[in-house]
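Colleague: Sharing a structure with you now.
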Amino acid sequence: MNWIKYIITIPFALCVLFLQGLGKCFGLTYRQISVVFNLWIQGGVLVLSGCLPFVQSLMCPSLAHEGMWWVVMLSAWCYAFMYLTGFVLMLRHYSLPFNRAFDRCVSDLLHIASVWHCSYHVVNIIIFVILFLLLISLNILLAWLVSQ
């Protein structure tokens, strides 16, 4: 079972090193860059990718001929609005100052870890790496499907 801890520790440590290096480049502490990158930048990228199906529905002339354009466009708009609403709620929940936002995020991740019966590191990797990449992939796939 210890080998699982090592497998999780390696990507987590790489993420920490990446954030520390990025923080040094921008003159931010680890806590500050964690909030900026993990919450603001990753959240913003998710919102933008969540808008891709809507943008694609506006740009896809083949849908207009099939009479499905309004349904697809409205669904894609609702989908994008869901991402935007989630982002705004997240920004309000993890509001500044940086230390409070960071501490609240860590507290929430520790709570999730206790509910899932796993470590803080596992929850961090699942949410900020795996889930992030899956959602971006889903949004790209949905935009591609709208164009078909």
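Chains: A, B, ... in order of the structure tokens. Residues: from 1 per chain. Ligands: from 1, in order shown.
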Please identify which residues in chain A DSSP calls alpha helix (DSSP H) from the backbone, and express them as JSON, numbers by chain.
Modeller: {"A": [2, 3, 4, 5, 6, 7, 8, 9, 10, 11, 12, 13, 14, 15, 16, 17, 18, 19, 20, 21, 22, 23, 24, 25, 26, 30, 31, 32, 33, 42, 43, 44, 45, 46, 47, 48, 49, 50, 51, 52, 53, 54, 55, 56, 57, 58, 59, 61, 62, 63, 64, 65, 66, 69, 70, 71, 72, 73, 74, 75, 76, 77, 78, 79, 80, 81, 82, 83, 84, 85, 86, 87, 88, 89, 90, 91, 92, 93, 98, 99, 100, 101, 102, 103, 104, 105, 106, 107, 108, 109, 110, 111, 112, 113, 114, 115, 116, 120, 121, 122, 123, 124, 125, 132, 133, 134, 135, 136, 137, 138, 139, 140, 141, 142, 143, 144, 145, 146, 147]}
Colleague: Could you work out how far atom CA of A:Leu142 lies from atom CA of A:Pro11, giving the answer in Å with one decimal?
Modeller: 28.6 Å
Colleague: Got a sec: who's within 12 Å of A:Phe54, counting only C-alpha atoms, leaving out chain neighbours fewer than 4 positions off, as an MDAnalysis selection string?
Modeller: chainID A and resid 47:50 58:60 69:83 139:140 142:147
Colleague: For A:Met90, which residue among A:Ile4, A:Ile136, A:Ala113, A:Leu39 is the nearest when counting only C-alpha atoms?
Modeller: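 For A:Met90, the nearest of the candidates is A:Leu39.
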Colleague: Mind checking which residues fall within 10 Å of A:Gly23, counting only C-alpha atoms, ignoring those fewer than 3 positions away in the same chain, and posting them as a ChimeraX atom specification?
Modeller: /A:17-20,26-34,36-37
Colleague: Next, write the just-selected residues to a file, as a compact mmCIF listing (two decimals), in the first residue's frame, keeping all heavy atoms as the atom set.
Modeller:
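result_6.txt was written with the following content:
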```txt
# COMPACT_ATOMS: atom_id res chain seq x y z
N LEU A 17 6.35 21.91 -7.14
CA LEU A 17 7.56 22.52 -7.71
C LEU A 17 7.21 23.46 -8.86
O LEU A 17 7.79 24.55 -8.98
CB LEU A 17 8.52 21.43 -8.19
CG LEU A 17 9.24 20.65 -7.10
CD1 LEU A 17 10.03 19.49 -7.70
CD2 LEU A 17 10.16 21.58 -6.30
N PHE A 18 6.26 23.06 -9.70
CA PHE A 18 5.82 23.91 -10.80
C PHE A 18 5.25 25.22 -10.27
O PHE A 18 5.61 26.31 -10.74
CB PHE A 18 4.76 23.18 -11.65
CG PHE A 18 4.08 24.06 -12.65
CD1 PHE A 18 4.73 24.46 -13.80
CD2 PHE A 18 2.78 24.51 -12.41
CE1 PHE A 18 4.09 25.29 -14.72
CE2 PHE A 18 2.14 25.34 -13.31
CZ PHE A 18 2.80 25.74 -14.48
N LEU A 19 4.38 25.14 -9.26
CA LEU A 19 3.78 26.35 -8.70
C LEU A 19 4.82 27.22 -8.00
O LEU A 19 4.77 28.45 -8.10
CB LEU A 19 2.65 25.99 -7.73
CG LEU A 19 1.37 25.46 -8.38
CD1 LEU A 19 0.36 25.04 -7.32
CD2 LEU A 19 0.76 26.49 -9.31
N GLN A 20 5.77 26.61 -7.30
CA GLN A 20 6.82 27.39 -6.65
C GLN A 20 7.66 28.13 -7.69
O GLN A 20 7.98 29.31 -7.51
CB GLN A 20 7.70 26.50 -5.79
CG GLN A 20 7.04 26.04 -4.52
CD GLN A 20 7.88 25.04 -3.74
OE1 GLN A 20 8.71 24.31 -4.30
NE2 GLN A 20 7.65 24.99 -2.43
N PHE A 26 6.85 35.32 -10.98
CA PHE A 26 5.93 36.44 -10.84
C PHE A 26 6.01 37.15 -9.49
O PHE A 26 5.21 38.04 -9.21
CB PHE A 26 4.49 35.98 -11.11
CG PHE A 26 4.25 35.60 -12.53
CD1 PHE A 26 4.22 34.27 -12.91
CD2 PHE A 26 4.09 36.58 -13.50
CE1 PHE A 26 4.01 33.92 -14.23
CE2 PHE A 26 3.88 36.24 -14.82
CZ PHE A 26 3.84 34.91 -15.19
N GLY A 27 6.97 36.73 -8.66
CA GLY A 27 7.14 37.38 -7.36
C GLY A 27 6.01 37.10 -6.39
O GLY A 27 5.68 37.94 -5.56
N LEU A 28 5.43 35.89 -6.49
CA LEU A 28 4.33 35.51 -5.61
C LEU A 28 4.76 34.37 -4.69
O LEU A 28 5.59 33.54 -5.06
CB LEU A 28 3.12 35.05 -6.44
CG LEU A 28 2.51 36.09 -7.39
CD1 LEU A 28 1.46 35.44 -8.28
CD2 LEU A 28 1.92 37.24 -6.61
N THR A 29 4.18 34.33 -3.51
CA THR A 29 4.43 33.22 -2.60
C THR A 29 3.72 31.98 -3.12
O THR A 29 2.86 32.05 -4.01
CB THR A 29 3.92 33.54 -1.18
OG1 THR A 29 2.49 33.63 -1.22
CG2 THR A 29 4.53 34.82 -0.65
N TYR A 30 4.02 30.84 -2.51
CA TYR A 30 3.35 29.60 -2.89
C TYR A 30 1.84 29.70 -2.68
O TYR A 30 1.05 29.26 -3.51
CB TYR A 30 3.92 28.41 -2.11
CG TYR A 30 3.20 27.12 -2.40
CD1 TYR A 30 3.41 26.46 -3.61
CD2 TYR A 30 2.28 26.59 -1.50
CE1 TYR A 30 2.72 25.29 -3.90
CE2 TYR A 30 1.59 25.43 -1.78
CZ TYR A 30 1.82 24.78 -2.98
OH TYR A 30 1.13 23.63 -3.28
N ARG A 31 1.44 30.29 -1.57
CA ARG A 31 0.01 30.45 -1.28
C ARG A 31 -0.66 31.32 -2.35
O ARG A 31 -1.75 31.02 -2.83
CB ARG A 31 -0.20 31.07 0.09
CG ARG A 31 0.14 30.14 1.22
CD ARG A 31 0.12 30.86 2.57
NE ARG A 31 -0.09 29.88 3.60
CZ ARG A 31 -1.19 29.76 4.30
NH1 ARG A 31 -2.20 30.57 4.11
NH2 ARG A 31 -1.31 28.82 5.21
N GLN A 32 -0.01 32.41 -2.70
CA GLN A 32 -0.59 33.32 -3.69
C GLN A 32 -0.69 32.66 -5.07
O GLN A 32 -1.73 32.74 -5.71
CB GLN A 32 0.25 34.60 -3.78
CG GLN A 32 0.17 35.46 -2.54
CD GLN A 32 1.20 36.58 -2.54
OE1 GLN A 32 2.29 36.45 -3.11
NE2 GLN A 32 0.85 37.69 -1.90
N ILE A 33 0.38 32.03 -5.51
CA ILE A 33 0.36 31.42 -6.84
C ILE A 33 -0.61 30.24 -6.88
O ILE A 33 -1.22 29.96 -7.91
CB ILE A 33 1.77 31.01 -7.33
CG1 ILE A 33 1.76 30.72 -8.84
CG2 ILE A 33 2.31 29.81 -6.58
CD1 ILE A 33 1.45 31.90 -9.72
N SER A 34 -0.79 29.56 -5.76
CA SER A 34 -1.77 28.47 -5.71
C SER A 34 -3.17 28.99 -5.96
O SER A 34 -3.95 28.40 -6.70
CB SER A 34 -1.71 27.75 -4.36
OG SER A 34 -0.50 27.06 -4.22
N VAL A 36 -3.94 31.95 -7.43
CA VAL A 36 -4.00 32.52 -8.79
C VAL A 36 -4.08 31.42 -9.83
O VAL A 36 -4.95 31.45 -10.71
CB VAL A 36 -2.77 33.42 -9.05
CG1 VAL A 36 -2.68 33.82 -10.52
CG2 VAL A 36 -2.82 34.66 -8.17
N PHE A 37 -3.21 30.43 -9.75
CA PHE A 37 -3.16 29.42 -10.81
C PHE A 37 -4.28 28.39 -10.67
O PHE A 37 -5.05 28.17 -11.62
CB PHE A 37 -1.79 28.71 -10.81
CG PHE A 37 -1.63 27.77 -11.98
CD1 PHE A 37 -1.27 28.26 -13.21
CD2 PHE A 37 -1.86 26.42 -11.83
CE1 PHE A 37 -1.14 27.40 -14.30
CE2 PHE A 37 -1.73 25.55 -12.91
CZ PHE A 37 -1.36 26.05 -14.14
```
Colleague: Would you mind listing what lies within 8 Å of stretch 127-129 of chain A as a PyMOL selection string, with only C-alpha atoms counted and same-chain residues fewer than 4 positions away left out?
Modeller: chain A and resi 38+123+133
Colleague: Which is closer to A:Gly44 than all the others in A:Ile8, A:Val122, A:Val106, A:Val88, using only C-alpha atoms?
Modeller: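 Between A:Ile8, A:Val122, A:Val106, A:Val88, the residue approaching A:Gly44 most closely is A:Val88.
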Colleague: Kindly give the distance, in Å, that separates atom CA of A:Ser119 and atom CA of A:Trp3, rounded to a single decimal.
Modeller: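 One can read the atom CA of A:Ser119 to atom CA of A:Trp3 distance as 13.9 Å.
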Colleague: Please identify all polymer residues within 12 Å of stretch 5-7 of chain A, counting only C-alpha atoms, omitting same-chain residues fewer than 6 positions from it, and present them as a PyMOL selection string.
Modeller: chain A and resi 13-14+118-122+125
Colleague: Save the residues we just selected, N, CA and C atoms, as a PDB file, in the first residue's frame?
Modeller:
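Output contents, as saved in selection.pdb:
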```pdb
ATOM      1  N   ALA A  13       4.214  16.407  -5.830  1.00  0.00           N
ATOM      2  CA  ALA A  13       5.466  17.150  -5.645  1.00  0.00           C
ATOM      3  C   ALA A  13       5.836  17.926  -6.909  1.00  0.00           C
ATOM      4  N   LEU A  14       5.609  17.323  -8.067  1.00  0.00           N
ATOM      5  CA  LEU A  14       5.882  18.025  -9.330  1.00  0.00           C
ATOM      6  C   LEU A  14       4.981  19.251  -9.482  1.00  0.00           C
ATOM      7  N   CYS A 118      -9.440   9.292   1.553  1.00  0.00           N
ATOM      8  CA  CYS A 118      -8.148   9.290   0.874  1.00  0.00           C
ATOM      9  C   CYS A 118      -7.339  10.486   1.382  1.00  0.00           C
ATOM     10  N   SER A 119      -6.188  10.712   0.802  1.00  0.00           N
ATOM     11  CA  SER A 119      -5.320  11.790   1.283  1.00  0.00           C
ATOM     12  C   SER A 119      -5.617  13.109   0.563  1.00  0.00           C
ATOM     13  N   TYR A 120      -5.154  14.170   1.176  1.00  0.00           N
ATOM     14  CA  TYR A 120      -5.238  15.512   0.602  1.00  0.00           C
ATOM     15  C   TYR A 120      -4.561  15.542  -0.765  1.00  0.00           C
ATOM     16  N   HIS A 121      -3.426  14.842  -0.873  1.00  0.00           N
ATOM     17  CA  HIS A 121      -2.684  14.810  -2.140  1.00  0.00           C
ATOM     18  C   HIS A 121      -3.517  14.186  -3.255  1.00  0.00           C
ATOM     19  N   VAL A 122      -4.213  13.109  -2.943  1.00  0.00           N
ATOM     20  CA  VAL A 122      -5.045  12.424  -3.944  1.00  0.00           C
ATOM     21  C   VAL A 122      -6.158  13.357  -4.426  1.00  0.00           C
ATOM     22  N   ILE A 125      -4.749  16.052  -6.739  1.00  0.00           N
ATOM     23  CA  ILE A 125      -4.443  15.535  -8.081  1.00  0.00           C
ATOM     24  C   ILE A 125      -5.729  15.271  -8.859  1.00  0.00           C
TER      25      ILE A 125
END
```
Colleague: Of the candidates A:Leu109, A:Val45, A:Leu84, A:Leu52, which one gets nearest to A:Leu141 if we count only C-alpha atoms?
Modeller: A:Leu52
Colleague: Interatomic distance between atom CA of A:Leu134 and atom CA of A:Gln42?
Modeller: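 Going from atom CA of A:Leu134 over to atom CA of A:Gln42, I get 12.6 Å.
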